[in-house]
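A.B. asks: Structure file query.cif (mmCIF, C-alpha atoms) right here:
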```cif
data_data
#
loop_
_atom_site.group_PDB
_atom_site.id
_atom_site.type_symbol
_atom_site.label_atom_id
_atom_site.label_comp_id
_atom_site.auth_asym_id
_atom_site.auth_seq_id
_atom_site.Cartn_x
_atom_site.Cartn_y
_atom_site.Cartn_z
ATOM 1 C CA MET A 461 55.844 -96.071 -133.373
ATOM 2 C CA ALA A 462 56.396 -92.333 -133.617
ATOM 3 C CA GLY A 463 54.004 -90.271 -135.655
ATOM 4 C CA SER A 464 51.525 -87.440 -135.627
ATOM 5 C CA PHE A 465 48.188 -87.017 -133.927
ATOM 6 C CA ILE A 466 45.717 -84.381 -135.155
ATOM 7 C CA ASP A 467 43.417 -82.339 -132.923
ATOM 8 C CA THR A 468 39.826 -81.507 -133.831
ATOM 9 C CA ASN A 469 40.502 -77.825 -134.445
ATOM 10 C CA VAL A 470 42.926 -78.629 -137.278
ATOM 11 C CA LEU A 471 40.451 -80.954 -139.003
ATOM 12 C CA ALA A 472 37.621 -78.423 -138.744
ATOM 13 C CA TYR A 473 39.549 -76.163 -141.126
ATOM 14 C CA LEU A 474 39.276 -78.800 -143.867
ATOM 15 C CA ALA A 475 35.727 -77.587 -144.487
ATOM 16 C CA SER A 476 36.182 -73.948 -143.520
ATOM 17 C CA GLY A 477 35.995 -70.821 -145.606
ATOM 18 C CA ASP A 478 39.549 -69.892 -144.617
ATOM 19 C CA ALA A 479 41.477 -71.016 -147.711
ATOM 20 C CA ALA A 480 44.935 -70.614 -146.186
ATOM 21 C CA LYS A 481 44.070 -72.647 -143.090
ATOM 22 C CA ALA A 482 42.170 -75.224 -145.155
ATOM 23 C CA ASP A 483 45.238 -75.699 -147.367
ATOM 24 C CA ARG A 484 47.509 -76.072 -144.340
ATOM 25 C CA ALA A 485 45.104 -78.541 -142.706
ATOM 26 C CA GLU A 486 45.098 -80.571 -145.927
ATOM 27 C CA GLN A 487 48.923 -80.655 -145.854
ATOM 28 C CA VAL A 488 48.907 -81.904 -142.260
ATOM 29 C CA VAL A 489 46.376 -84.641 -143.046
ATOM 30 C CA ALA A 490 48.171 -85.630 -146.281
ATOM 31 C CA ALA A 491 51.389 -86.119 -144.287
ATOM 32 C CA GLY A 492 49.561 -88.713 -142.197
ATOM 33 C CA GLY A 493 48.542 -88.989 -138.616
ATOM 34 C CA ARG A 494 46.086 -90.484 -136.199
ATOM 35 C CA ILE A 495 42.941 -89.256 -134.461
ATOM 36 C CA SER A 496 40.714 -90.580 -131.700
ATOM 37 C CA VAL A 497 37.019 -91.298 -131.414
ATOM 38 C CA GLN A 498 36.852 -88.188 -129.222
ATOM 39 C CA VAL A 499 38.191 -86.108 -132.113
ATOM 40 C CA LEU A 500 35.454 -87.551 -134.345
ATOM 41 C CA ASN A 501 32.812 -86.754 -131.718
ATOM 42 C CA GLU A 502 34.044 -83.183 -131.341
ATOM 43 C CA LEU A 503 34.245 -82.802 -135.126
ATOM 44 C CA ALA A 504 30.635 -83.992 -135.474
ATOM 45 C CA ASN A 505 29.580 -81.347 -132.960
ATOM 46 C CA VAL A 506 31.507 -78.608 -134.798
ATOM 47 C CA ALA A 507 30.097 -79.737 -138.148
ATOM 48 C CA ARG A 508 26.526 -79.547 -136.920
ATOM 49 C CA ARG A 509 26.627 -76.529 -134.601
ATOM 50 C CA LYS A 510 29.274 -74.221 -136.062
ATOM 51 C CA MET A 511 29.499 -75.231 -139.716
ATOM 52 C CA GLY A 512 25.769 -75.825 -140.133
ATOM 53 C CA LEU A 513 26.232 -79.082 -142.025
ATOM 54 C CA SER A 514 23.221 -81.331 -142.505
ATOM 55 C CA TRP A 515 23.300 -84.815 -140.999
ATOM 56 C CA ALA A 516 24.106 -86.289 -144.416
ATOM 57 C CA GLU A 517 26.932 -83.796 -144.924
ATOM 58 C CA THR A 518 28.227 -84.491 -141.405
ATOM 59 C CA HIS A 519 28.268 -88.249 -142.053
ATOM 60 C CA ASP A 520 30.074 -87.705 -145.367
ATOM 61 C CA PHE A 521 32.631 -85.374 -143.772
ATOM 62 C CA LEU A 522 33.357 -87.765 -140.898
ATOM 63 C CA GLY A 523 33.547 -90.703 -143.301
ATOM 64 C CA ALA A 524 36.121 -88.857 -145.399
ATOM 65 C CA VAL A 525 38.204 -88.082 -142.307
ATOM 66 C CA ARG A 526 38.007 -91.721 -141.127
ATOM 67 C CA ALA A 527 39.130 -92.874 -144.572
ATOM 68 C CA MET A 528 42.246 -90.673 -144.369
ATOM 69 C CA LEU A 529 43.318 -91.178 -140.755
ATOM 70 C CA PRO A 530 43.454 -94.214 -138.454
ATOM 71 C CA VAL A 531 41.189 -93.819 -135.418
ATOM 72 C CA GLU A 532 42.235 -94.669 -131.863
ATOM 73 C CA PRO A 533 39.454 -96.008 -129.607
ATOM 74 C CA LEU A 534 38.225 -94.462 -126.381
ATOM 75 C CA THR A 535 39.522 -96.555 -123.499
ATOM 76 C CA LEU A 536 39.489 -96.498 -119.719
ATOM 77 C CA GLU A 537 43.292 -96.295 -119.839
ATOM 78 C CA ALA A 538 43.102 -93.121 -121.951
ATOM 79 C CA HIS A 539 40.523 -91.677 -119.559
ATOM 80 C CA GLU A 540 42.673 -92.331 -116.495
ATOM 81 C CA GLN A 541 45.833 -91.040 -118.175
ATOM 82 C CA GLY A 542 43.930 -87.990 -119.409
ATOM 83 C CA LEU A 543 42.812 -87.110 -115.889
ATOM 84 C CA ALA A 544 46.407 -87.356 -114.640
ATOM 85 C CA LEU A 545 47.648 -85.190 -117.539
ATOM 86 C CA ALA A 546 44.970 -82.554 -116.916
ATOM 87 C CA GLU A 547 46.065 -82.320 -113.299
ATOM 88 C CA ARG A 548 49.808 -82.355 -114.000
ATOM 89 C CA TYR A 549 49.898 -79.951 -116.977
ATOM 90 C CA GLY A 550 46.826 -77.802 -116.327
ATOM 91 C CA LEU A 551 45.149 -78.927 -119.544
ATOM 92 C CA SER A 552 41.405 -78.893 -120.033
ATOM 93 C CA ILE A 553 39.853 -82.332 -119.608
ATOM 94 C CA TYR A 554 39.073 -82.596 -123.312
ATOM 95 C CA ASP A 555 42.564 -81.542 -124.398
ATOM 96 C CA ALA A 556 44.084 -83.936 -121.871
ATOM 97 C CA MET A 557 42.059 -86.830 -123.284
ATOM 98 C CA ILE A 558 43.382 -86.061 -126.772
ATOM 99 C CA VAL A 559 46.928 -85.866 -125.413
ATOM 100 C CA ALA A 560 46.439 -89.196 -123.647
ATOM 101 C CA ALA A 561 45.187 -90.843 -126.851
ATOM 102 C CA ALA A 562 48.203 -89.470 -128.735
ATOM 103 C CA LEU A 563 50.603 -90.806 -126.106
ATOM 104 C CA LEU A 564 48.926 -94.220 -126.046
ATOM 105 C CA ALA A 565 49.145 -94.342 -129.858
ATOM 106 C CA GLY A 566 52.905 -93.770 -129.586
ATOM 107 C CA CYS A 567 52.838 -90.403 -131.333
ATOM 108 C CA ASP A 568 55.596 -87.831 -130.834
ATOM 109 C CA LEU A 569 53.805 -84.826 -132.403
ATOM 110 C CA LEU A 570 50.346 -83.419 -131.724
ATOM 111 C CA TRP A 571 49.034 -80.856 -134.203
ATOM 112 C CA SER A 572 46.746 -78.424 -132.372
ATOM 113 C CA GLU A 573 45.831 -74.789 -132.812
ATOM 114 C CA ASP A 574 44.473 -74.462 -129.258
ATOM 115 C CA MET A 575 47.124 -76.049 -127.066
ATOM 116 C CA GLN A 576 50.434 -74.437 -126.097
ATOM 117 C CA HIS A 577 52.799 -74.497 -129.090
ATOM 118 C CA GLY A 578 56.113 -76.131 -128.180
ATOM 119 C CA LEU A 579 54.888 -77.759 -124.974
ATOM 120 C CA VAL A 580 56.412 -81.221 -124.510
ATOM 121 C CA ILE A 581 54.255 -83.690 -122.597
ATOM 122 C CA GLU A 582 55.847 -86.554 -120.673
ATOM 123 C CA GLY A 583 59.144 -85.850 -122.426
ATOM 124 C CA ARG A 584 57.937 -87.402 -125.664
ATOM 125 C CA LEU A 585 54.942 -85.620 -127.210
ATOM 126 C CA ARG A 586 55.483 -82.146 -128.667
ATOM 127 C CA ILE A 587 52.523 -79.895 -129.391
ATOM 128 C CA ALA A 588 52.773 -77.817 -132.566
ATOM 129 C CA ASN A 589 50.408 -75.266 -134.066
ATOM 130 C CA PRO A 590 50.372 -75.895 -137.833
ATOM 131 C CA PHE A 591 49.032 -72.397 -138.496
ATOM 132 C CA ARG A 592 51.693 -70.534 -136.546
ATOM 133 C CA ALA A 593 53.911 -68.287 -138.608
ATOM 134 C CA GLU A 594 57.506 -69.337 -138.083
#
```
So that I can check it, write out the structure of this file as structure tokens.
C.D. replies:
Amino acid sequence: MAGSFIDTNVLAYLASGDAAKADRAEQVVAAGGRISVQVLNELANVARRKMGLSWAETHDFLGAVRAMLPVEPLTLEAHEQGLALAERYGLSIYDAMIVAAALLAGCDLLWSEDMQHGLVIEGRLRIANPFRAE
């Protein structure tokens, strides 16, 4: 099942003050995709620490994201694959875990602002920056 996976940094723009990036993030989410529990955990951290959302606002924000996007679980398989990907591609551990979840979900596109645009992982997952001017 090919499809898209969405990194935390894209979702954080949904509630940002940057209108252009918020609009683009909304387009990415509206087109569909998947996320992982790790993405939700990272998004909760960003919501509390960087966005200054209250706990109630954080719960509401995460609930809205979960309602829009299917969530992949954290698994030992994803952890082990993530470690191998971090070593092979030089990714940070956290990025590698997101890549692993995307691969295990059968996705062929990973939307991320922070990872290398155009990089193809394992010959089947392409990373794309949705905010990059083409």
A.B. asks: Please write as a PyMOL selection string the full residue list that the PyMOL selection byres ((chain A and resi 533-548) around 12) yields on this file.
C.D. replies: chain A and resi 494-501+530-532+549-565+580-582
A.B. asks: Those selected residues, please, written with C-alpha atoms and delivered as a CSV table (one decimal), in the coordinates of the input.
C.D. replies:
```csv
chain,number,residue,atom,x,y,z
A,494,ARG,CA,46.1,-90.5,-136.2
A,495,ILE,CA,42.9,-89.3,-134.5
A,496,SER,CA,40.7,-90.6,-131.7
A,497,VAL,CA,37.0,-91.3,-131.4
A,498,GLN,CA,36.9,-88.2,-129.2
A,499,VAL,CA,38.2,-86.1,-132.1
A,500,LEU,CA,35.5,-87.6,-134.3
A,501,ASN,CA,32.8,-86.8,-131.7
A,530,PRO,CA,43.5,-94.2,-138.5
A,531,VAL,CA,41.2,-93.8,-135.4
A,532,GLU,CA,42.2,-94.7,-131.9
A,549,TYR,CA,49.9,-80.0,-117.0
A,550,GLY,CA,46.8,-77.8,-116.3
A,551,LEU,CA,45.1,-78.9,-119.5
A,552,SER,CA,41.4,-78.9,-120.0
A,553,ILE,CA,39.9,-82.3,-119.6
A,554,TYR,CA,39.1,-82.6,-123.3
A,555,ASP,CA,42.6,-81.5,-124.4
A,556,ALA,CA,44.1,-83.9,-121.9
A,557,MET,CA,42.1,-86.8,-123.3
A,558,ILE,CA,43.4,-86.1,-126.8
A,559,VAL,CA,46.9,-85.9,-125.4
A,560,ALA,CA,46.4,-89.2,-123.6
A,561,ALA,CA,45.2,-90.8,-126.9
A,562,ALA,CA,48.2,-89.5,-128.7
A,563,LEU,CA,50.6,-90.8,-126.1
A,564,LEU,CA,48.9,-94.2,-126.0
A,565,ALA,CA,49.1,-94.3,-129.9
A,580,VAL,CA,56.4,-81.2,-124.5
A,581,ILE,CA,54.3,-83.7,-122.6
A,582,GLU,CA,55.8,-86.6,-120.7
```
A.B. asks: Let me know the residues the PyMOL selection byres ((chain A and resi 493) around 7) catches in the file above, as a ChimeraX atom specification.
C.D. replies: /A:463-466,489,491-492,494-495,529
A.B. asks: For the PyMOL selection byres ((chain A and resi 472-484) around 9), applied here, can you spell out every residue it catches as a PyMOL selection string?
C.D. replies: chain A and resi 468-471+485-489+503+506-507+511+521+590-591
A.B. asks: Specify the axis-aligned box that encloses all atoms of segment 579-589 of chain A listed in the file after padding of 5 Å on each side, stating its centre and edge lengths in Å to one decimal as JSON.
C.D. replies:
```
{"center_x": 54.8, "center_y": -81.3, "center_z": -127.4, "size_x": 18.7, "size_y": 22.1, "size_z": 23.4}
```
A.B. asks: Please indicate the distance in Å from atom CA of Glu502 of chain A to atom CA of Arg584 of chain A, rounded to one decimal place.
C.D. replies: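 Atom-to-atom, atom CA of Glu502 of chain A to atom CA of Arg584 of chain A, that is 24.9 Å.
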A.B. asks: Expressed in Å to a single decimal, how great is the separation between atom CA of Gln576 of chain A and atom CA of Leu522 of chain A?
C.D. replies: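 The value is 26.2 Å.
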A.B. asks: Considering all atoms listed in the file, can you say which of A:Asp568, A:Arg586, A:His577, A:Ala504 comes closest to Val525 of chain A?
C.D. replies: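 Closest to Val525 of chain A, using all atoms listed in the file: A:Ala504.
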A.B. asks: Would you work out the distance separating atom CA of Asp467 of chain A from atom CA of Leu513 of chain A, expressed in Å to one decimal?
C.D. replies: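 Between atom CA of Asp467 of chain A and atom CA of Leu513 of chain A the gap works out to 19.7 Å.
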A.B. asks: Generate the missing atoms of segment 485-509 of chain A up to N, CA and C atoms and report them as a PDB file, in the coordinates of the input.
C.D. replies:
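part11.pdb, freshly written:
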```pdb
ATOM      1  N   ALA A 485      45.702 -77.352-143.317  1.00  0.00           N
ATOM      2  CA  ALA A 485      45.104 -78.541-142.706  1.00  0.00           C
ATOM      3  C   ALA A 485      45.195 -79.735-143.657  1.00  0.00           C
ATOM      4  N   GLU A 486      44.972 -79.501-144.935  1.00  0.00           N
ATOM      5  CA  GLU A 486      45.098 -80.571-145.927  1.00  0.00           C
ATOM      6  C   GLU A 486      46.525 -81.101-145.976  1.00  0.00           C
ATOM      7  N   GLN A 487      47.517 -80.220-145.869  1.00  0.00           N
ATOM      8  CA  GLN A 487      48.923 -80.655-145.854  1.00  0.00           C
ATOM      9  C   GLN A 487      49.213 -81.529-144.637  1.00  0.00           C
ATOM     10  N   VAL A 488      48.701 -81.130-143.490  1.00  0.00           N
ATOM     11  CA  VAL A 488      48.907 -81.904-142.260  1.00  0.00           C
ATOM     12  C   VAL A 488      48.290 -83.294-142.402  1.00  0.00           C
ATOM     13  N   VAL A 489      47.062 -83.355-142.881  1.00  0.00           N
ATOM     14  CA  VAL A 489      46.376 -84.641-143.046  1.00  0.00           C
ATOM     15  C   VAL A 489      47.083 -85.498-144.099  1.00  0.00           C
ATOM     16  N   ALA A 490      47.499 -84.886-145.206  1.00  0.00           N
ATOM     17  CA  ALA A 490      48.171 -85.630-146.281  1.00  0.00           C
ATOM     18  C   ALA A 490      49.489 -86.233-145.801  1.00  0.00           C
ATOM     19  N   ALA A 491      50.134 -85.595-144.824  1.00  0.00           N
ATOM     20  CA  ALA A 491      51.389 -86.119-144.287  1.00  0.00           C
ATOM     21  C   ALA A 491      51.157 -87.325-143.383  1.00  0.00           C
ATOM     22  N   GLY A 492      49.907 -87.556-143.019  1.00  0.00           N
ATOM     23  CA  GLY A 492      49.561 -88.713-142.197  1.00  0.00           C
ATOM     24  C   GLY A 492      49.443 -88.366-140.734  1.00  0.00           C
ATOM     25  N   GLY A 493      48.743 -89.195-140.035  1.00  0.00           N
ATOM     26  CA  GLY A 493      48.542 -88.989-138.616  1.00  0.00           C
ATOM     27  C   GLY A 493      47.422 -89.866-138.112  1.00  0.00           C
ATOM     28  N   ARG A 494      47.123 -89.706-136.851  1.00  0.00           N
ATOM     29  CA  ARG A 494      46.086 -90.484-136.199  1.00  0.00           C
ATOM     30  C   ARG A 494      45.130 -89.515-135.510  1.00  0.00           C
ATOM     31  N   ILE A 495      43.929 -90.005-135.232  1.00  0.00           N
ATOM     32  CA  ILE A 495      42.941 -89.256-134.461  1.00  0.00           C
ATOM     33  C   ILE A 495      42.296 -90.226-133.486  1.00  0.00           C
ATOM     34  N   SER A 496      41.435 -89.712-132.631  1.00  0.00           N
ATOM     35  CA  SER A 496      40.714 -90.580-131.700  1.00  0.00           C
ATOM     36  C   SER A 496      39.215 -90.466-131.941  1.00  0.00           C
ATOM     37  N   VAL A 497      38.473 -91.370-131.341  1.00  0.00           N
ATOM     38  CA  VAL A 497      37.019 -91.298-131.414  1.00  0.00           C
ATOM     39  C   VAL A 497      36.547 -89.971-130.831  1.00  0.00           C
ATOM     40  N   GLN A 498      37.221 -89.491-129.791  1.00  0.00           N
ATOM     41  CA  GLN A 498      36.852 -88.188-129.222  1.00  0.00           C
ATOM     42  C   GLN A 498      36.969 -87.092-130.263  1.00  0.00           C
ATOM     43  N   VAL A 499      38.020 -87.115-131.058  1.00  0.00           N
ATOM     44  CA  VAL A 499      38.191 -86.108-132.113  1.00  0.00           C
ATOM     45  C   VAL A 499      37.013 -86.191-133.085  1.00  0.00           C
ATOM     46  N   LEU A 500      36.609 -87.394-133.448  1.00  0.00           N
ATOM     47  CA  LEU A 500      35.454 -87.551-134.345  1.00  0.00           C
ATOM     48  C   LEU A 500      34.184 -86.994-133.703  1.00  0.00           C
ATOM     49  N   ASN A 501      34.001 -87.263-132.410  1.00  0.00           N
ATOM     50  CA  ASN A 501      32.812 -86.754-131.718  1.00  0.00           C
ATOM     51  C   ASN A 501      32.810 -85.228-131.696  1.00  0.00           C
ATOM     52  N   GLU A 502      33.948 -84.638-131.363  1.00  0.00           N
ATOM     53  CA  GLU A 502      34.044 -83.183-131.341  1.00  0.00           C
ATOM     54  C   GLU A 502      33.835 -82.604-132.743  1.00  0.00           C
ATOM     55  N   LEU A 503      34.391 -83.272-133.749  1.00  0.00           N
ATOM     56  CA  LEU A 503      34.245 -82.802-135.126  1.00  0.00           C
ATOM     57  C   LEU A 503      32.786 -82.865-135.576  1.00  0.00           C
ATOM     58  N   ALA A 504      32.064 -83.898-135.163  1.00  0.00           N
ATOM     59  CA  ALA A 504      30.635 -83.992-135.474  1.00  0.00           C
ATOM     60  C   ALA A 504      29.887 -82.821-134.859  1.00  0.00           C
ATOM     61  N   ASN A 505      30.218 -82.467-133.629  1.00  0.00           N
ATOM     62  CA  ASN A 505      29.580 -81.347-132.960  1.00  0.00           C
ATOM     63  C   ASN A 505      29.869 -80.033-133.683  1.00  0.00           C
ATOM     64  N   VAL A 506      31.125 -79.825-134.067  1.00  0.00           N
ATOM     65  CA  VAL A 506      31.507 -78.608-134.798  1.00  0.00           C
ATOM     66  C   VAL A 506      30.796 -78.559-136.155  1.00  0.00           C
ATOM     67  N   ALA A 507      30.741 -79.685-136.831  1.00  0.00           N
ATOM     68  CA  ALA A 507      30.097 -79.737-138.148  1.00  0.00           C
ATOM     69  C   ALA A 507      28.623 -79.346-138.069  1.00  0.00           C
ATOM     70  N   ARG A 508      27.955 -79.835-137.054  1.00  0.00           N
ATOM     71  CA  ARG A 508      26.526 -79.547-136.920  1.00  0.00           C
ATOM     72  C   ARG A 508      26.265 -78.147-136.376  1.00  0.00           C
ATOM     73  N   ARG A 509      26.948 -77.776-135.306  1.00  0.00           N
ATOM     74  CA  ARG A 509      26.627 -76.529-134.601  1.00  0.00           C
ATOM     75  C   ARG A 509      27.298 -75.293-135.187  1.00  0.00           C
TER      76      ARG A 509
END
```
